[in-house]
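Undergrad: Here's a structure for you.
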Amino acid sequence: MHWTDFLVIIASGSFGGLLSSLYIHDGSLILPKIIELELSDGSRRKNYHIGFLSDIILGAGAGLIAVLPIGLEFPKYIYVAIIAGFGGGSFIAKQAKLTAEEKISSQDKLPTIVASSVQDTDAAEEVTFELAISDRKGEKLT
């Protein structure tokens, strides 16, 4: 392979990574930014988020990893690199996003358990539990 083949593979994988980023974020590009976090001790910390560039870098790497061991010729390696760049992180990230959304929706449906202590003449230390189903706003359903 010539060095230009490596550049074409990297560019193809990067293009697949760009498509992956668009797919994950439903058609919008997440731009790089600096996020400032406030820690529990009151100090601040800067966190760097490289946005869609991370998908491009992962796509380039996935394209190289997919094509080089196979030894494909031009133009077949372009197709494989694009597919590998797209599939590198998009499927996992999309599934993680769906799982997080399902987790949030299922937490809204969970009942709230309220503990109350009842004094009885027979057992002064007895604690009973009452199951009160309410929504997240605190309104009692049953």
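Residues are referred to by chain and number: the chain letter is A, B, ... according to the order shown in the structure tokens, the number counts from 1 in that chain, and ligands are numbered separately from 1 in the order shown.
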I need the alpha helix (DSSP H) residues of stretch 6-108 of chain A per DSSP on the backbone, written as a ChimeraX atom specification.

TA: /A:6-24,52-67,76-87,90-108

Undergrad: Would you mind reading off the distance between atom CA of A:Leu64 and atom CA of A:Gly16, one decimal, in Å?

TA: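 Between atom CA of A:Leu64 and atom CA of A:Gly16 the gap works out to 11.9 Å.
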
Undergrad: So that I can check the surroundings of stretch 76-79 of chain A, please list as a list in words every protein, DNA and RNA residue that reaches within 12 Å of it, counting only C-alpha atoms and ignoring chain neighbours fewer than 5 positions away.

TA: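 The residues satisfying every condition are Met1, Asp5, Phe6, Leu7, Val8, Ile9, Ile10, Ala11, Ser12, Gly13, Ser14, Phe15, Gly16, Ala60, Gly63, Leu64, Ile65, Ala66, Val67, Leu68, Pro69, Ile70, Gly71, Ala84, Gly85 and Phe86 of chain A.
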
Undergrad: Write out, as a tab-separated table (two decimals), in the first residue's frame, the residues just selected, with N, CA and C atoms.

TA:
```tsv
chain	number	residue	atom	x	y	z
A	1	MET	N	0.84	-1.19	0.00
A	1	MET	CA	0.00	0.00	0.00
A	1	MET	C	0.88	1.24	0.00
A	5	ASP	N	-2.85	5.73	0.09
A	5	ASP	CA	-3.93	4.82	0.46
A	5	ASP	C	-4.29	4.99	1.93
A	6	PHE	N	-3.29	5.16	2.79
A	6	PHE	CA	-3.55	5.38	4.20
A	6	PHE	C	-4.35	6.67	4.42
A	7	LEU	N	-3.99	7.73	3.68
A	7	LEU	CA	-4.73	8.98	3.81
A	7	LEU	C	-6.18	8.83	3.35
A	8	VAL	N	-6.40	8.07	2.29
A	8	VAL	CA	-7.77	7.85	1.80
A	8	VAL	C	-8.56	7.03	2.81
A	9	ILE	N	-7.93	6.03	3.41
A	9	ILE	CA	-8.61	5.21	4.42
A	9	ILE	C	-8.98	6.07	5.63
A	10	ILE	N	-8.04	6.91	6.09
A	10	ILE	CA	-8.31	7.78	7.23
A	10	ILE	C	-9.42	8.77	6.90
A	11	ALA	N	-9.39	9.34	5.72
A	11	ALA	CA	-10.44	10.29	5.31
A	11	ALA	C	-11.79	9.59	5.21
A	12	SER	N	-11.82	8.37	4.68
A	12	SER	CA	-13.08	7.63	4.55
A	12	SER	C	-13.64	7.26	5.92
A	13	GLY	N	-12.78	6.79	6.82
A	13	GLY	CA	-13.22	6.48	8.17
A	13	GLY	C	-13.70	7.71	8.91
A	14	SER	N	-13.02	8.83	8.69
A	14	SER	CA	-13.44	10.09	9.31
A	14	SER	C	-14.81	10.53	8.80
A	15	PHE	N	-15.05	10.35	7.52
A	15	PHE	CA	-16.36	10.66	6.95
A	15	PHE	C	-17.44	9.78	7.58
A	16	GLY	N	-17.13	8.51	7.75
A	16	GLY	CA	-18.06	7.61	8.43
A	16	GLY	C	-18.31	8.04	9.86
A	60	ALA	N	-11.84	7.43	12.03
A	60	ALA	CA	-10.56	7.24	11.33
A	60	ALA	C	-9.85	6.01	11.85
A	63	GLY	N	-11.70	2.87	10.74
A	63	GLY	CA	-11.45	2.61	9.32
A	63	GLY	C	-10.11	1.92	9.11
A	64	LEU	N	-9.08	2.40	9.79
A	64	LEU	CA	-7.76	1.77	9.67
A	64	LEU	C	-7.77	0.34	10.20
A	65	ILE	N	-8.39	0.16	11.35
A	65	ILE	CA	-8.42	-1.17	11.97
A	65	ILE	C	-9.18	-2.17	11.12
A	66	ALA	N	-10.23	-1.70	10.45
A	66	ALA	CA	-11.05	-2.61	9.64
A	66	ALA	C	-10.38	-2.96	8.31
A	67	VAL	N	-9.67	-2.02	7.72
A	67	VAL	CA	-9.15	-2.23	6.36
A	67	VAL	C	-7.77	-2.88	6.34
A	68	LEU	N	-6.87	-2.46	7.21
A	68	LEU	CA	-5.48	-2.90	7.11
A	68	LEU	C	-5.28	-4.42	7.21
A	69	PRO	N	-5.93	-5.12	8.13
A	69	PRO	CA	-5.70	-6.57	8.19
A	69	PRO	C	-6.23	-7.33	6.97
A	70	ILE	N	-7.23	-6.76	6.32
A	70	ILE	CA	-7.85	-7.47	5.18
A	70	ILE	C	-7.01	-7.31	3.92
A	71	GLY	N	-6.37	-6.15	3.76
A	71	GLY	CA	-5.55	-5.92	2.58
A	71	GLY	C	-6.36	-5.68	1.32
A	84	ALA	N	-17.01	1.07	8.67
A	84	ALA	CA	-16.37	0.89	9.97
A	84	ALA	C	-16.38	2.19	10.76
A	85	GLY	N	-16.12	3.32	10.09
A	85	GLY	CA	-16.14	4.62	10.76
A	85	GLY	C	-17.51	4.96	11.30
A	86	PHE	N	-18.54	4.61	10.56
A	86	PHE	CA	-19.90	4.87	11.02
A	86	PHE	C	-20.28	3.96	12.17
```

Undergrad: What is the atom CA of A:Lys33 to atom CA of A:Gly51 distance in Å?

TA: 7.4 Å

Undergrad: Pick out each residue of stretch 18-118 of chain A that DSSP on the backbone tags as strand (DSSP E or B); I need them as a PyMOL selection string.

TA: chain A and resi 33-38+44-49+112-117

Undergrad: Using only C-alpha atoms, which of the listed residues (A:Ser105, A:His2, A:Leu31, A:Leu22) sits closest to A:Glu73?

TA: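 Looking at the shortest contact to A:Glu73, the residue is A:His2.
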
Undergrad: Can you measure atom CA of A:Ile35 to atom CA of A:Tyr48 for me? One decimal in Å is fine.

TA: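 One can read the atom CA of A:Ile35 to atom CA of A:Tyr48 distance as 6.2 Å.
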